[in-house]
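Novice: Have a look at this one.
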Amino acid sequence: TALLGYAPDDVVGRRLVSLVVPEDQGHAGATFARAVGGEPGTCTCRLRHRDGRTVWLRATVIPFVVDEQVVAVYAGCRDVTAAVADEQR
């Protein structure tokens, strides 16, 4: 939540994809769906900060498997806004 300016209470019970800009929702959702299916992955997408600006995040998603069943998905995220801006120059 620190990356996007939201307090924990602002996002509990909310689908993370609702913060992803519409153009990136398909890619982000597919990466998460693959993780739910047991396949780790990485996704770079744009999300809306609480103050309205766009933040580029790179998320690595890792499924937690217990007894051959995915019981949770962990996502580690990093702000890559500056790196994306450099690449676009």
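Ligands are numbered from 1 in the order shown, residues from 1 within each chain, and chains are lettered A, B, ... in the order they appear in the structure tokens.
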Within 7 Å of region 49-61 of chain A, counting only C-alpha atoms, which residues show up once you throw out same-chain ones fewer than 2 positions away? Write them as a ChimeraX atom specification, please.

Specialist: /A:4-6,32,35,40-47,63,73-81

Novice: For the residues in that selection, give me N, CA, C and O atoms as an mmCIF file, in the first residue's frame.

Specialist:
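To be explicit, this is the file written out as part07.cif:
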```cif
data_model
loop_
_atom_site.group_PDB
_atom_site.id
_atom_site.type_symbol
_atom_site.label_atom_id
_atom_site.label_comp_id
_atom_site.auth_asym_id
_atom_site.auth_seq_id
_atom_site.Cartn_x
_atom_site.Cartn_y
_atom_site.Cartn_z
ATOM 1 N N LEU A 4 1.419 2.843 -3.415
ATOM 2 C CA LEU A 4 0.285 3.481 -4.081
ATOM 3 C C LEU A 4 -0.452 4.487 -3.206
ATOM 4 O O LEU A 4 -1.432 5.084 -3.642
ATOM 5 N N GLY A 5 0.019 4.694 -1.969
ATOM 6 C CA GLY A 5 -0.547 5.725 -1.120
ATOM 7 C C GLY A 5 -1.827 5.367 -0.392
ATOM 8 O O GLY A 5 -2.453 6.231 0.222
ATOM 9 N N TYR A 6 -2.221 4.112 -0.421
ATOM 10 C CA TYR A 6 -3.456 3.700 0.239
ATOM 11 C C TYR A 6 -3.167 3.147 1.628
ATOM 12 O O TYR A 6 -2.164 2.472 1.843
ATOM 13 N N PHE A 32 -1.823 -13.115 -12.921
ATOM 14 C CA PHE A 32 -2.340 -13.593 -11.648
ATOM 15 C C PHE A 32 -3.057 -14.941 -11.832
ATOM 16 O O PHE A 32 -2.880 -15.855 -11.025
ATOM 17 N N ALA A 35 -0.672 -17.694 -11.952
ATOM 18 C CA ALA A 35 -0.144 -17.995 -10.622
ATOM 19 C C ALA A 35 -1.138 -18.824 -9.815
ATOM 20 O O ALA A 35 -0.749 -19.766 -9.119
ATOM 21 N N PRO A 40 4.465 -19.422 -11.540
ATOM 22 C CA PRO A 40 4.942 -18.091 -11.159
ATOM 23 C C PRO A 40 5.148 -17.220 -12.389
ATOM 24 O O PRO A 40 5.288 -17.724 -13.506
ATOM 25 N N GLY A 41 5.165 -15.914 -12.195
ATOM 26 C CA GLY A 41 5.352 -15.026 -13.338
ATOM 27 C C GLY A 41 5.681 -13.611 -12.913
ATOM 28 O O GLY A 41 5.701 -13.284 -11.726
ATOM 29 N N THR A 42 5.940 -12.783 -13.915
ATOM 30 C CA THR A 42 6.251 -11.376 -13.693
ATOM 31 C C THR A 42 5.385 -10.536 -14.622
ATOM 32 O O THR A 42 5.146 -10.910 -15.766
ATOM 33 N N CYS A 43 4.940 -9.406 -14.107
ATOM 34 C CA CYS A 43 4.076 -8.516 -14.862
ATOM 35 C C CYS A 43 4.494 -7.080 -14.596
ATOM 36 O O CYS A 43 4.742 -6.706 -13.451
ATOM 37 N N THR A 44 4.591 -6.279 -15.645
ATOM 38 C CA THR A 44 4.825 -4.841 -15.491
ATOM 39 C C THR A 44 3.567 -4.141 -15.979
ATOM 40 O O THR A 44 3.135 -4.359 -17.109
ATOM 41 N N CYS A 45 2.966 -3.331 -15.102
ATOM 42 C CA CYS A 45 1.715 -2.677 -15.461
ATOM 43 C C CYS A 45 1.574 -1.355 -14.708
ATOM 44 O O CYS A 45 2.313 -1.067 -13.784
ATOM 45 N N ARG A 46 0.594 -0.573 -15.159
ATOM 46 C CA ARG A 46 0.325 0.736 -14.573
ATOM 47 C C ARG A 46 -0.836 0.644 -13.595
ATOM 48 O O ARG A 46 -1.850 0.038 -13.896
ATOM 49 N N LEU A 47 -0.643 1.280 -12.446
ATOM 50 C CA LEU A 47 -1.692 1.357 -11.438
ATOM 51 C C LEU A 47 -1.921 2.808 -11.057
ATOM 52 O O LEU A 47 -1.052 3.649 -11.261
ATOM 53 N N PRO A 63 2.986 -18.630 -6.610
ATOM 54 C CA PRO A 63 1.956 -19.419 -5.940
ATOM 55 C C PRO A 63 2.541 -20.193 -4.748
ATOM 56 O O PRO A 63 3.682 -20.649 -4.803
ATOM 57 N N VAL A 73 -1.390 -16.801 -3.232
ATOM 58 C CA VAL A 73 -0.476 -16.223 -4.217
ATOM 59 C C VAL A 73 0.180 -15.010 -3.579
ATOM 60 O O VAL A 73 -0.515 -14.136 -3.054
ATOM 61 N N TYR A 74 1.510 -14.980 -3.606
ATOM 62 C CA TYR A 74 2.273 -13.849 -3.087
ATOM 63 C C TYR A 74 2.684 -12.975 -4.254
ATOM 64 O O TYR A 74 3.116 -13.487 -5.293
ATOM 65 N N ALA A 75 2.553 -11.659 -4.102
ATOM 66 C CA ALA A 75 3.010 -10.723 -5.133
ATOM 67 C C ALA A 75 3.973 -9.730 -4.491
ATOM 68 O O ALA A 75 3.600 -8.994 -3.584
ATOM 69 N N GLY A 76 5.194 -9.736 -4.967
ATOM 70 C CA GLY A 76 6.184 -8.747 -4.547
ATOM 71 C C GLY A 76 6.250 -7.679 -5.626
ATOM 72 O O GLY A 76 6.432 -7.995 -6.800
ATOM 73 N N CYS A 77 6.049 -6.424 -5.250
ATOM 74 C CA CYS A 77 5.966 -5.337 -6.230
ATOM 75 C C CYS A 77 7.071 -4.315 -6.029
ATOM 76 O O CYS A 77 7.469 -4.037 -4.898
ATOM 77 N N ARG A 78 7.504 -3.742 -7.148
ATOM 78 C CA ARG A 78 8.543 -2.717 -7.121
ATOM 79 C C ARG A 78 8.132 -1.596 -8.060
ATOM 80 O O ARG A 78 7.641 -1.832 -9.166
ATOM 81 N N ASP A 79 8.328 -0.356 -7.624
ATOM 82 C CA ASP A 79 8.022 0.821 -8.448
ATOM 83 C C ASP A 79 9.115 0.958 -9.508
ATOM 84 O O ASP A 79 10.284 1.131 -9.186
ATOM 85 N N VAL A 80 8.705 0.870 -10.776
ATOM 86 C CA VAL A 80 9.661 0.987 -11.883
ATOM 87 C C VAL A 80 9.313 2.186 -12.769
ATOM 88 O O VAL A 80 9.706 2.238 -13.929
ATOM 89 N N THR A 81 8.599 3.162 -12.214
ATOM 90 C CA THR A 81 8.156 4.329 -12.975
ATOM 91 C C THR A 81 9.336 5.051 -13.622
ATOM 92 O O THR A 81 9.288 5.377 -14.820
#
```

Novice: Quick one, how far is CA of Ile62 (chain A) from CA of Arg34 (chain A)?

Specialist: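 Taking CA of Ile62 (chain A) and CA of Arg34 (chain A), their separation equals 9.7 Å.
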
Novice: What is the CA of Val36 (chain A) to CA of Leu16 (chain A) distance in Å?

Specialist: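 The value is 14.5 Å.
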